[in-house]
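Next up, work.cif (mmCIF, C-alpha atoms):
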data_target
loop_
_atom_site.label_atom_id
_atom_site.label_comp_id
_atom_site.auth_asym_id
_atom_site.auth_seq_id
_atom_site.Cartn_x
_atom_site.Cartn_y
_atom_site.Cartn_z
CA MET R 1 14.67 109.72 90.01
CA PRO R 2 10.86 109.41 90.04
CA GLU R 3 9.21 111.19 87.11
CA VAL R 4 7.02 113.48 89.24
CA ILE R 5 10.06 114.80 91.11
CA GLN R 6 11.83 115.50 87.81
CA ARG R 7 8.74 117.35 86.58
CA LEU R 8 8.62 119.50 89.73
CA GLU R 9 12.37 120.16 89.56
CA SER R 10 12.07 121.41 86.01
CA ILE R 11 9.24 123.81 87.00
CA PHE R 12 11.10 125.11 90.06
CA SER R 13 14.33 125.62 88.14
CA LYS R 14 12.53 128.18 85.96
CA PHE R 15 11.71 130.28 89.04
CA PRO R 16 13.82 133.46 89.30
CA GLY R 17 17.04 132.83 91.22
CA ILE R 18 16.52 129.05 91.48
CA GLY R 19 19.07 126.68 89.93
CA ARG R 20 18.86 122.92 89.30
CA LYS R 21 20.25 122.00 92.72
CA SER R 22 17.96 124.34 94.67
CA ALA R 23 15.00 123.08 92.63
CA ARG R 24 15.81 119.52 93.70
CA ARG R 25 16.20 120.54 97.34
CA ILE R 26 12.81 122.27 97.26
CA ALA R 27 11.15 119.19 95.72
CA PHE R 28 12.57 117.03 98.52
CA TYR R 29 11.59 119.61 101.12
CA LEU R 30 7.98 119.38 99.88
CA LEU R 31 8.14 115.60 99.85
CA ASP R 32 8.82 115.73 103.59
CA ARG R 33 5.93 118.11 104.34
CA GLU R 34 2.51 116.90 105.50
CA ARG R 35 -0.07 116.44 102.75
CA ASP R 36 -2.30 119.31 104.00
CA GLU R 37 0.63 121.74 103.82
CA VAL R 38 1.27 120.84 100.19
CA GLU R 39 -2.49 120.98 99.48
CA GLU R 40 -2.56 124.49 100.93
CA LEU R 41 0.26 125.55 98.58
CA SER R 42 -1.46 123.88 95.63
CA LYS R 43 -4.70 125.75 96.39
CA THR R 44 -3.01 129.10 97.04
CA LEU R 45 -1.38 128.93 93.59
CA LEU R 46 -4.80 128.66 91.94
CA ASP R 47 -6.13 131.44 94.21
CA LEU R 48 -3.30 133.64 92.98
CA LYS R 49 -4.46 133.31 89.39
CA ASP R 50 -8.17 133.57 90.30
CA LYS R 51 -8.12 136.51 92.69
CA ILE R 52 -5.41 138.78 91.37
CA VAL R 53 -6.08 140.83 88.24
CA ARG R 54 -4.54 143.91 86.67
CA CYS R 55 -6.29 147.22 87.36
CA PRO R 56 -7.90 148.31 84.06
CA VAL R 57 -6.84 151.91 84.76
CA CYS R 58 -3.25 151.74 86.03
CA ASN R 59 -2.28 148.08 85.37
CA HIS R 60 -1.27 147.54 89.02
CA ILE R 61 -2.10 144.13 90.54
CA THR R 62 -5.31 144.20 92.53
CA GLU R 63 -8.13 142.15 94.05
CA GLU R 64 -10.71 144.86 93.22
CA THR R 65 -11.25 146.82 89.98
CA PRO R 66 -10.30 149.58 89.76
CA CYS R 67 -7.54 149.18 92.33
CA ARG R 68 -7.64 150.90 95.73
CA ILE R 69 -5.17 153.58 94.66
CA CYS R 70 -7.09 154.46 91.48
CA SER R 71 -10.42 154.55 93.34
CA ASN R 72 -9.08 156.62 96.26
CA PRO R 73 -10.57 160.15 95.89
CA ARG R 74 -7.86 161.59 98.13
CA ARG R 75 -5.06 160.71 95.68
CA ASP R 76 -3.95 163.50 93.34
CA ASP R 77 -5.07 162.79 89.77
CA SER R 78 -2.75 165.39 88.30
CA VAL R 79 0.52 163.61 89.14
CA LEU R 80 1.22 160.24 87.53
CA CYS R 81 4.15 158.09 88.57
CA VAL R 82 5.16 155.66 85.79
CA VAL R 83 6.90 152.49 86.98
CA GLU R 84 8.13 149.21 85.52
CA ASP R 85 6.11 146.83 87.68
CA SER R 86 3.85 146.44 90.71
CA LEU R 87 6.78 145.79 93.06
CA ASP R 88 7.87 149.37 92.37
CA VAL R 89 4.41 150.64 93.36
CA ILE R 90 4.62 148.70 96.60
CA ALA R 91 8.11 150.09 97.34
CA LEU R 92 7.00 153.69 96.64
CA GLU R 93 3.82 153.27 98.71
CA LYS R 94 5.96 152.11 101.64
CA SER R 95 7.87 155.41 101.51
CA VAL R 96 4.51 157.19 102.21
CA SER R 97 5.74 160.23 100.31
CA PHE R 98 3.80 160.06 97.05
CA HIS R 99 0.15 161.06 96.93
CA GLY R 100 -0.51 160.98 93.21
CA LYS R 101 -1.47 157.97 91.11
CA TYR R 102 0.56 155.31 89.33
CA HIS R 103 0.86 153.73 85.93
CA VAL R 104 2.47 150.28 85.74
CA LEU R 105 4.14 149.59 82.38
CA GLY R 106 4.44 145.86 83.04
CA GLY R 107 8.03 145.68 81.82
CA LEU R 108 10.68 147.67 79.97
CA ILE R 109 11.52 148.02 76.30
CA SER R 110 14.17 145.38 75.55
CA PRO R 111 14.80 144.61 71.87
CA LEU R 112 17.13 141.73 72.85
CA ASP R 113 14.26 140.01 74.68
CA GLY R 114 11.81 140.90 71.90
CA ILE R 115 9.90 143.36 74.13
CA GLY R 116 8.75 146.45 72.26
CA PRO R 117 6.53 149.41 73.24
CA ASP R 118 3.42 147.48 72.15
CA ASP R 119 4.07 144.86 74.83
CA LEU R 120 3.85 147.51 77.56
CA ALA R 121 0.85 149.42 78.94
CA ILE R 122 1.72 152.56 76.99
CA THR R 123 -1.55 153.00 75.03
CA SER R 124 -3.49 152.99 78.30
CA LEU R 125 -1.03 155.55 79.69
CA MET R 126 -1.61 157.91 76.75
CA ARG R 127 -5.38 157.70 77.34
CA ARG R 128 -5.02 158.91 80.96
CA LEU R 129 -3.32 162.24 80.32
CA ASP R 130 -6.33 164.61 80.27
CA HIS R 131 -5.89 166.22 83.69
CA VAL R 132 -2.28 165.25 84.24
CA LYS R 133 0.16 168.07 85.01
CA GLU R 134 3.24 166.05 85.92
CA ILE R 135 4.57 162.62 85.00
CA ILE R 136 7.32 161.15 87.18
CA LEU R 137 9.27 158.54 85.21
CA ALA R 138 10.31 156.36 88.17
CA ILE R 139 12.13 153.79 86.07
CA ASN R 140 15.27 151.95 87.16
CA PRO R 141 18.49 153.33 85.63
CA SER R 142 19.56 150.46 83.35
CA VAL R 143 19.96 150.02 79.59
CA GLU R 144 16.33 148.91 79.22
CA GLY R 145 15.16 151.49 81.76
CA ASP R 146 16.88 154.34 79.93
CA THR R 147 15.57 153.13 76.54
CA THR R 148 12.03 153.13 77.96
CA THR R 149 12.49 156.52 79.61
CA PHE R 150 13.74 158.11 76.35
CA TYR R 151 10.89 156.49 74.39
CA LEU R 152 8.29 157.91 76.79
CA MET R 153 9.96 161.34 76.88
CA ARG R 154 9.75 161.57 73.09
CA LEU R 155 6.14 160.40 73.14
CA LEU R 156 5.19 162.99 75.75
CA LYS R 157 7.24 165.96 74.59
CA ASP R 158 4.44 167.74 72.72
CA LYS R 159 1.98 167.51 75.59
CA ASP R 160 1.78 170.30 78.12
CA ILE R 161 3.00 168.04 80.91
CA LYS R 162 6.02 168.41 83.18
CA ILE R 163 8.23 165.30 82.97
CA THR R 164 10.47 164.47 85.93
CA ARG R 165 12.62 161.57 87.05
CA LEU R 166 13.72 160.44 90.53
CA ALA R 167 16.86 162.04 91.95
CA ARG R 168 20.04 159.97 91.76
CA GLY R 169 22.68 160.11 94.47
CA ILE R 170 24.12 158.50 97.56
CA PRO R 171 21.49 156.29 99.23
CA ILE R 172 20.74 156.84 102.93
CA GLY R 173 23.18 154.68 104.88
CA GLY R 174 25.50 154.59 101.87
CA ASP R 175 29.25 155.07 102.13
CA LEU R 176 31.19 157.27 99.67
CA GLU R 177 34.07 154.81 99.73
CA TYR R 178 31.91 151.96 98.46
CA THR R 179 29.73 153.91 96.05
CA ASP R 180 30.26 153.25 92.34
CA GLU R 181 31.60 156.02 90.11
CA ALA R 182 28.39 156.53 88.12
CA THR R 183 26.39 157.13 91.30
CA LEU R 184 29.07 159.49 92.63
CA ALA R 185 29.06 161.40 89.33
CA ASN R 186 25.26 161.71 89.55
CA ALA R 187 25.46 162.79 93.18
CA LEU R 188 28.03 165.50 92.36
CA GLU R 189 26.12 166.75 89.38
CA GLY R 190 22.91 167.00 91.40
CA ARG R 191 24.55 168.62 94.44
CA ILE R 192 22.38 170.98 96.47
CA GLU R 193 23.44 174.16 98.29
CA VAL R 194 23.34 173.87 102.05
CA SER R 195 21.81 176.94 103.69
CA HIS R 196 23.40 178.52 106.79
CA GLU R 197 20.75 178.59 109.43
CA MET N 1 -0.06 143.84 99.12
CA PRO N 2 -2.95 141.47 98.27
CA GLU N 3 -3.53 138.81 100.93
CA VAL N 4 -3.06 135.82 98.58
CA ILE N 5 0.39 137.09 97.54
CA GLN N 6 1.38 137.51 101.19
CA ARG N 7 0.20 133.96 101.88
CA LEU N 8 2.25 132.58 98.98
CA GLU N 9 5.28 134.62 100.02
CA SER N 10 5.15 133.21 103.51
CA ILE N 11 5.00 129.62 102.14
CA PHE N 12 7.86 130.19 99.67
CA SER N 13 10.06 131.86 102.28
CA LYS N 14 10.05 128.58 104.24
CA PHE N 15 11.57 126.74 101.24
CA PRO N 16 15.27 125.87 101.70
CA GLY N 17 17.50 128.69 100.47
CA ILE N 18 14.64 131.13 99.79
CA GLY N 19 14.49 134.44 101.65
CA ARG N 20 11.68 137.00 101.90
CA LYS N 21 12.77 138.89 98.79
CA SER N 22 13.15 135.80 96.59
CA ALA N 23 9.77 134.55 97.83
CA ARG N 24 8.17 137.79 96.65
CA ARG N 25 9.93 137.62 93.29
CA ILE N 26 8.69 134.04 92.78
CA ALA N 27 5.11 135.04 93.64
CA PHE N 28 5.24 137.82 91.05
CA TYR N 29 6.86 135.48 88.52
CA LEU N 30 3.90 133.09 88.94
CA LEU N 31 1.43 135.96 88.67
CA ASP N 32 2.79 136.64 85.19
CA ARG N 33 2.56 133.00 84.05
CA GLU N 34 -0.40 131.66 82.08
CA ARG N 35 -3.14 130.02 84.16
CA ASP N 36 -2.50 126.53 82.73
CA GLU N 37 1.18 126.71 83.72
CA VAL N 38 0.22 127.51 87.32
CA GLU N 39 -2.47 124.79 87.21
CA GLU N 40 0.18 122.30 86.09
CA LEU N 41 2.38 123.23 89.07
CA SER N 42 -0.60 123.04 91.44
CA LYS N 43 -1.44 119.55 90.16
CA THR N 44 2.14 118.31 90.17
CA LEU N 45 2.44 119.24 93.85
CA LEU N 46 -0.51 116.98 94.70
CA ASP N 47 0.93 114.24 92.45
CA LEU N 48 4.14 114.44 94.44
CA LYS N 49 2.32 113.59 97.66
CA ASP N 50 0.10 110.97 96.00
CA LYS N 51 2.63 109.06 93.94
CA ILE N 52 5.81 109.11 96.00
CA VAL N 53 6.06 106.89 99.07
CA ARG N 54 8.90 105.56 101.22
CA CYS N 55 10.09 102.02 100.45
CA PRO N 56 8.99 99.84 103.42
CA VAL N 57 12.32 98.00 103.26
CA CYS N 58 15.00 100.67 102.79
CA ASN N 59 13.04 103.93 103.33
CA HIS N 60 14.16 105.34 99.95
CA ILE N 61 11.59 107.38 97.99
CA THR N 62 9.82 105.30 95.37
CA GLU N 63 6.77 105.02 93.13
CA GLU N 64 6.59 101.22 93.62
CA THR N 65 6.87 99.17 96.83
CA PRO N 66 9.36 97.76 97.50
CA CYS N 67 11.60 100.16 95.54
CA ARG N 68 13.43 99.12 92.35
CA ILE N 69 16.75 98.77 94.15
CA CYS N 70 15.32 96.54 96.91
CA SER N 71 13.44 94.37 94.39
CA ASN N 72 16.42 94.02 92.03
CA PRO N 73 17.69 90.41 92.37
CA ARG N 74 21.06 91.40 90.90
CA ARG N 75 21.89 93.73 93.80
CA ASP N 76 24.08 92.28 96.55
CA ASP N 77 22.06 91.74 99.74
CA SER N 78 25.16 91.28 101.86
CA VAL N 79 26.42 94.88 101.59
CA LEU N 80 24.26 97.66 103.02
CA CYS N 81 25.06 101.32 102.45
CA VAL N 82 23.52 103.53 105.16
CA VAL N 83 22.83 107.13 104.11
CA GLU N 84 21.12 110.22 105.51
CA ASP N 85 18.54 110.76 102.76
CA SER N 86 17.36 109.76 99.29
CA LEU N 87 19.47 112.43 97.59
CA ASP N 88 22.54 110.51 98.80
CA VAL N 89 21.19 107.31 97.20
CA ILE N 90 20.70 109.14 93.92
CA ALA N 91 24.25 110.58 94.07
CA LEU N 92 25.78 107.16 94.81
CA GLU N 93 23.70 105.47 92.08
CA LYS N 94 25.04 108.02 89.60
CA SER N 95 28.60 106.92 90.38
CA VAL N 96 27.59 103.41 89.16
CA SER N 97 30.12 101.85 91.51
CA PHE N 98 27.96 100.39 94.28
CA HIS N 99 26.06 97.15 93.72
CA GLY N 100 24.75 96.44 97.20
CA LYS N 101 21.58 97.79 98.78
CA TYR N 102 20.80 100.95 100.71
CA HIS N 103 19.21 102.01 103.94
CA VAL N 104 17.96 105.60 104.17
CA LEU N 105 17.93 106.95 107.74
CA GLY N 106 15.72 109.90 106.85
CA GLY N 107 17.86 112.38 108.77
CA LEU N 108 20.68 112.58 111.31
CA ILE N 109 20.72 112.60 115.11
CA SER N 110 20.61 116.25 116.16
CA PRO N 111 19.75 116.93 119.81
CA LEU N 112 19.62 120.69 119.10
CA ASP N 113 16.82 120.14 116.57
CA GLY N 114 15.13 117.59 118.82
CA ILE N 115 15.94 114.69 116.46
CA GLY N 116 16.84 111.50 118.31
CA PRO N 117 17.53 107.92 117.12
CA ASP N 118 13.80 107.10 117.36
CA ASP N 119 13.05 109.68 114.67
CA LEU N 120 15.28 107.84 112.18
CA ALA N 121 14.78 104.52 110.35
CA ILE N 122 17.13 102.68 112.72
CA THR N 123 14.72 99.96 113.99
CA SER N 124 14.05 98.91 110.38
CA LEU N 125 17.82 98.87 109.76
CA MET N 126 18.39 96.50 112.71
CA ARG N 127 15.73 94.14 111.33
CA ARG N 128 17.58 93.83 108.00
CA LEU N 129 20.92 92.52 109.25
CA ASP N 130 20.39 88.74 108.85
CA HIS N 131 22.55 88.14 105.76
CA VAL N 132 24.52 91.36 105.90
CA LYS N 133 28.33 91.05 105.91
CA GLU N 134 29.30 94.71 105.51
CA ILE N 135 27.69 98.01 106.40
CA ILE N 136 29.07 101.15 104.75
CA LEU N 137 28.24 104.21 106.85
CA ALA N 138 28.11 106.74 104.00
CA ILE N 139 27.16 109.66 106.21
CA ASN N 140 28.34 113.24 105.68
CA PRO N 141 31.20 114.32 107.94
CA SER N 142 29.50 116.93 110.16
CA VAL N 143 28.67 117.19 113.87
CA GLU N 144 25.29 115.49 113.35
CA GLY N 145 26.78 113.03 110.85
CA ASP N 146 29.55 111.99 113.23
CA THR N 147 27.09 111.69 116.16
CA THR N 148 24.91 109.41 114.03
CA THR N 149 27.91 107.37 112.80
CA PHE N 150 29.15 106.81 116.38
CA TYR N 151 25.65 105.88 117.55
CA LEU N 152 25.31 103.27 114.78
CA MET N 153 28.84 101.93 115.33
CA ARG N 154 28.03 101.30 119.00
CA LEU N 155 24.72 99.69 118.11
CA LEU N 156 26.39 97.37 115.56
CA LYS N 157 29.61 96.54 117.39
CA ASP N 158 28.47 93.15 118.78
CA LYS N 159 27.19 91.91 115.43
CA ASP N 160 29.51 89.93 113.16
CA ILE N 161 29.42 92.66 110.50
CA LYS N 162 32.28 94.63 108.98
CA ILE N 163 31.67 98.39 109.39
CA THR N 164 33.28 100.78 106.90
CA ARG N 165 33.03 104.45 106.00
CA LEU N 166 33.78 106.31 102.76
CA ALA N 167 37.37 107.42 102.16
CA ARG N 168 38.11 111.08 102.84
CA GLY N 169 40.60 113.04 100.76
CA ILE N 170 41.15 115.44 97.90
CA PRO N 171 38.15 115.42 95.56
CA ILE N 172 38.76 114.81 91.84
CA GLY N 173 39.40 118.19 90.27
CA GLY N 174 40.33 119.60 93.67
CA ASP N 175 43.36 121.81 94.24
CA LEU N 176 45.69 121.32 97.22
CA GLU N 177 46.09 125.06 97.54
CA TYR N 178 42.37 125.58 98.08
CA THR N 179 41.65 122.47 100.14
CA ASP N 180 40.77 123.02 103.81
CA GLU N 181 43.12 121.72 106.51
CA ALA N 182 40.79 119.01 107.82
CA THR N 183 40.47 117.47 104.34
CA LEU N 184 44.26 117.69 103.82
CA ALA N 185 44.84 116.02 107.19
CA ASN N 186 42.42 113.22 106.20
CA ALA N 187 44.08 112.87 102.80
CA LEU N 188 47.55 112.60 104.36
CA GLU N 189 46.43 110.14 107.00
CA GLY N 190 44.77 107.94 104.39
CA ARG N 191 47.68 108.12 101.91
CA ILE N 192 48.15 105.06 99.70
CA GLU N 193 51.43 103.56 98.44
CA VAL N 194 51.93 104.00 94.71
CA SER N 195 53.22 100.81 93.08
CA HIS N 196 56.08 100.89 90.57
CA GLU N 197 54.81 99.20 87.47
#

Do you think you could lay out the structure here as structure tokens?
Amino acid sequence: MPEVIQRLESIFSKFPGIGRKSARRIAFYLLDRERDEVEELSKTLLDLKDKIVRCPVCNHITEETPCRICSNPRRDDSVLCVVEDSLDVIALEKSVSFHGKYHVLGGLISPLDGIGPDDLAITSLMRRLDHVKEIILAINPSVEGDTTTFYLMRLLKDKDIKITRLARGIPIGGDLEYTDEATLANALEGRIEVSHE
Amino acid sequence: MPEVIQRLESIFSKFPGIGRKSARRIAFYLLDRERDEVEELSKTLLDLKDKIVRCPVCNHITEETPCRICSNPRRDDSVLCVVEDSLDVIALEKSVSFHGKYHVLGGLISPLDGIGPDDLAITSLMRRLDHVKEIILAINPSVEGDTTTFYLMRLLKDKDIKITRLARGIPIGGDLEYTDEATLANALEGRIEVSHE
């Protein structure tokens, strides 16, 4: 196997969700593309590193600093939604139901992976709390997510700030029969009275 | 979503086996890498197109022309193994049980995809037949594979060349219980007498 293909395979196989075999298939796929297509990819990769930075305020990925959400005067400064990464911001923005601002931690506390609070954007979060009335901890429910949530709750408990988390329950389109027990337990616990109209 | 990420996503989602969501995850994975890692990938992609060519004799990928298999005087010129692509050559070479030479078609006949015999390295195959005594059609058993095999068999039938194909049967490590009917039928049909020693 030519050395350059092996090199590319070993890079691709580190991509999330890509195994050895897929990495090889992708290398051969690129081998069959026209040179200008591969050049375009090569250039776009450098563009990615050159054009995208982290917003110095909220740590979200952005092409401008501060990012468009932070610099938008119509967004509510008093509600801060704390998320793991920028993909969460994009998902929440798509729901068009949050009008506050965000803070992107850039990961979760995970002692097993050697990721502690100092590796996350927590210091910059603590510096933003002056006019904040509510912090929504919109962190995925997982071992690392819960560890991070508890850490932040303890850190914030003496401040005069309301701390909330996202509701847990049956997703829209979900089916009781196929819903796991933990979700069902959460959905029952958080049940809401239906009014007779 | 920044434009450069969208651009990268759309390139990655054309990769074999990569959907929209994986493409996005890969883009974000690269965003978190160091610049020199991304530079290395960017450069390796150009290297791939610059260093790898098709062997003018057998159409296999190579860094030298002709390729190392074609230029190896210890390989048997009289047996030609015809395969779909270079990955098949690599797989067969790994088995260390073939000592002839190869011919890489560069695809299979597939009218639905608009791929006809002229799109494959068939003319160059026909020019190589002078000292050839056997041609092994080592082409995957699929609709396109069988179409291509039949096409080549017809093309070669008037030449004084033995045409063979790979044996079909139970793979090593396979389990009768979980083997599909077509493979079982092939395995039965091709059964071999066991000698009493």

With a distance cut-off of 10 Å and all atoms listed in the file, select the neighbouring residues of Ser10 (chain N), excluding the residue or stretch itself and same-chain residues fewer than 3 positions from it, and output the selection as a short mmCIF file (atom, residue, chain, number, x, y, z; two decimals) with C-alpha atoms, in the coordinates of the input.
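This went into around_6.cif:
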data_model
loop_
_atom_site.label_atom_id
_atom_site.label_comp_id
_atom_site.auth_asym_id
_atom_site.auth_seq_id
_atom_site.Cartn_x
_atom_site.Cartn_y
_atom_site.Cartn_z
CA VAL N 4 -3.06 135.82 98.58
CA ILE N 5 0.39 137.09 97.54
CA GLN N 6 1.38 137.51 101.19
CA ARG N 7 0.20 133.96 101.88
CA SER N 13 10.06 131.86 102.28
CA LYS N 14 10.05 128.58 104.24
CA PHE N 15 11.57 126.74 101.24
CA GLY N 19 14.49 134.44 101.65
CA ARG N 20 11.68 137.00 101.90
CA ALA N 23 9.77 134.55 97.83
CA ARG N 24 8.17 137.79 96.65
#

Requested in this report: Run the PyMOL selection byres ((chain N and resi 169) around 6) mentally over the shown coordinates, then write out the matched residues as a VMD selection string, using the chain letters and numbers from the document.
Outcome: chain N and resid 168 170 183 186 to 187

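For the pair CA of Leu87 (chain N) and CA of His99 (chain N), the separation is 17.1 Å.
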
Given the file shown, enumerate the residues that the PyMOL selection byres ((chain R) within 10 of (chain N)) captures and present them as a PDB file with C-alpha atoms, keeping the file's coordinate frame.
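The result, stored in part-v8.pdb:
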ATOM      1  CA  MET R   1      14.670 109.720  90.010  1.00  0.00           C
ATOM      2  CA  PRO R   2      10.860 109.410  90.040  1.00  0.00           C
ATOM      3  CA  GLU R   3       9.210 111.190  87.110  1.00  0.00           C
ATOM      4  CA  VAL R   4       7.020 113.480  89.240  1.00  0.00           C
ATOM      5  CA  ILE R   5      10.060 114.800  91.110  1.00  0.00           C
ATOM      6  CA  ARG R   7       8.740 117.350  86.580  1.00  0.00           C
ATOM      7  CA  LEU R   8       8.620 119.500  89.730  1.00  0.00           C
ATOM      8  CA  ILE R  11       9.240 123.810  87.000  1.00  0.00           C
ATOM      9  CA  PHE R  12      11.100 125.110  90.060  1.00  0.00           C
ATOM     10  CA  LYS R  14      12.530 128.180  85.960  1.00  0.00           C
ATOM     11  CA  PHE R  15      11.710 130.280  89.040  1.00  0.00           C
ATOM     12  CA  PRO R  16      13.820 133.460  89.300  1.00  0.00           C
ATOM     13  CA  GLY R  17      17.040 132.830  91.220  1.00  0.00           C
ATOM     14  CA  ILE R  18      16.520 129.050  91.480  1.00  0.00           C
ATOM     15  CA  SER R  22      17.960 124.340  94.670  1.00  0.00           C
ATOM     16  CA  ALA R  23      15.000 123.080  92.630  1.00  0.00           C
ATOM     17  CA  ARG R  24      15.810 119.520  93.700  1.00  0.00           C
ATOM     18  CA  ARG R  25      16.200 120.540  97.340  1.00  0.00           C
ATOM     19  CA  ILE R  26      12.810 122.270  97.260  1.00  0.00           C
ATOM     20  CA  ALA R  27      11.150 119.190  95.720  1.00  0.00           C
ATOM     21  CA  PHE R  28      12.570 117.030  98.520  1.00  0.00           C
ATOM     22  CA  TYR R  29      11.590 119.610 101.120  1.00  0.00           C
ATOM     23  CA  LEU R  30       7.980 119.380  99.880  1.00  0.00           C
ATOM     24  CA  LEU R  31       8.140 115.600  99.850  1.00  0.00           C
ATOM     25  CA  ASP R  32       8.820 115.730 103.590  1.00  0.00           C
ATOM     26  CA  ARG R  33       5.930 118.110 104.340  1.00  0.00           C
ATOM     27  CA  GLU R  34       2.510 116.900 105.500  1.00  0.00           C
ATOM     28  CA  ARG R  35      -0.070 116.440 102.750  1.00  0.00           C
ATOM     29  CA  ASP R  36      -2.300 119.310 104.000  1.00  0.00           C
ATOM     30  CA  GLU R  37       0.630 121.740 103.820  1.00  0.00           C
ATOM     31  CA  VAL R  38       1.270 120.840 100.190  1.00  0.00           C
ATOM     32  CA  GLU R  39      -2.490 120.980  99.480  1.00  0.00           C
ATOM     33  CA  GLU R  40      -2.560 124.490 100.930  1.00  0.00           C
ATOM     34  CA  LEU R  41       0.260 125.550  98.580  1.00  0.00           C
ATOM     35  CA  SER R  42      -1.460 123.880  95.630  1.00  0.00           C
ATOM     36  CA  LYS R  43      -4.700 125.750  96.390  1.00  0.00           C
ATOM     37  CA  THR R  44      -3.010 129.100  97.040  1.00  0.00           C
ATOM     38  CA  LEU R  45      -1.380 128.930  93.590  1.00  0.00           C
ATOM     39  CA  LEU R  46      -4.800 128.660  91.940  1.00  0.00           C
ATOM     40  CA  ASP R  47      -6.130 131.440  94.210  1.00  0.00           C
ATOM     41  CA  LEU R  48      -3.300 133.640  92.980  1.00  0.00           C
ATOM     42  CA  LYS R  49      -4.460 133.310  89.390  1.00  0.00           C
ATOM     43  CA  ASP R  50      -8.170 133.570  90.300  1.00  0.00           C
ATOM     44  CA  LYS R  51      -8.120 136.510  92.690  1.00  0.00           C
ATOM     45  CA  ILE R  52      -5.410 138.780  91.370  1.00  0.00           C
ATOM     46  CA  VAL R  53      -6.080 140.830  88.240  1.00  0.00           C
ATOM     47  CA  ILE R  61      -2.100 144.130  90.540  1.00  0.00           C
ATOM     48  CA  THR R  62      -5.310 144.200  92.530  1.00  0.00           C
ATOM     49  CA  GLU R  63      -8.130 142.150  94.050  1.00  0.00           C
ATOM     50  CA  GLU R  64     -10.710 144.860  93.220  1.00  0.00           C
ATOM     51  CA  ASP R  85       6.110 146.830  87.680  1.00  0.00           C
ATOM     52  CA  SER R  86       3.850 146.440  90.710  1.00  0.00           C
ATOM     53  CA  LEU R  87       6.780 145.790  93.060  1.00  0.00           C
ATOM     54  CA  VAL R  89       4.410 150.640  93.360  1.00  0.00           C
ATOM     55  CA  ILE R  90       4.620 148.700  96.600  1.00  0.00           C
ATOM     56  CA  GLY R 106       4.440 145.860  83.040  1.00  0.00           C
TER      57      GLY R 106
END

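Using the PyMOL selection byres ((chain R and resi 71-82) around 9) on the file at hand returns these residues: Thr65, Pro66, Cys67, Arg68, Ile69, Cys70, Val83, Glu84, Val89, Phe98, His99, Gly100, Lys101, Tyr102, His103, Val104, Leu105, Leu125, Leu129, Asp130, His131, Val132, Lys133, Glu134, Ile135, Ile136, Leu137, Ala138 and Ile139 of chain R.
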
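Going from CA of Pro117 (chain R) to CA of Phe150 (chain R) covers 11.7 Å.
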
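Note that the spacing between CA of Arg127 (chain N) and CA of Asn59 (chain N) amounts to 12.9 Å.
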
Could you work out an axis-aligned box for region 25-36 of chain N, taking every atom the file lists and adding 3 Å on each side, and report centre and edge lengths in Å to one decimal, as AutoDock Vina command-line options?
--center_x 3.4 --center_y 132.2 --center_z 87.9 --size_x 19.1 --size_y 17.3 --size_z 17.6
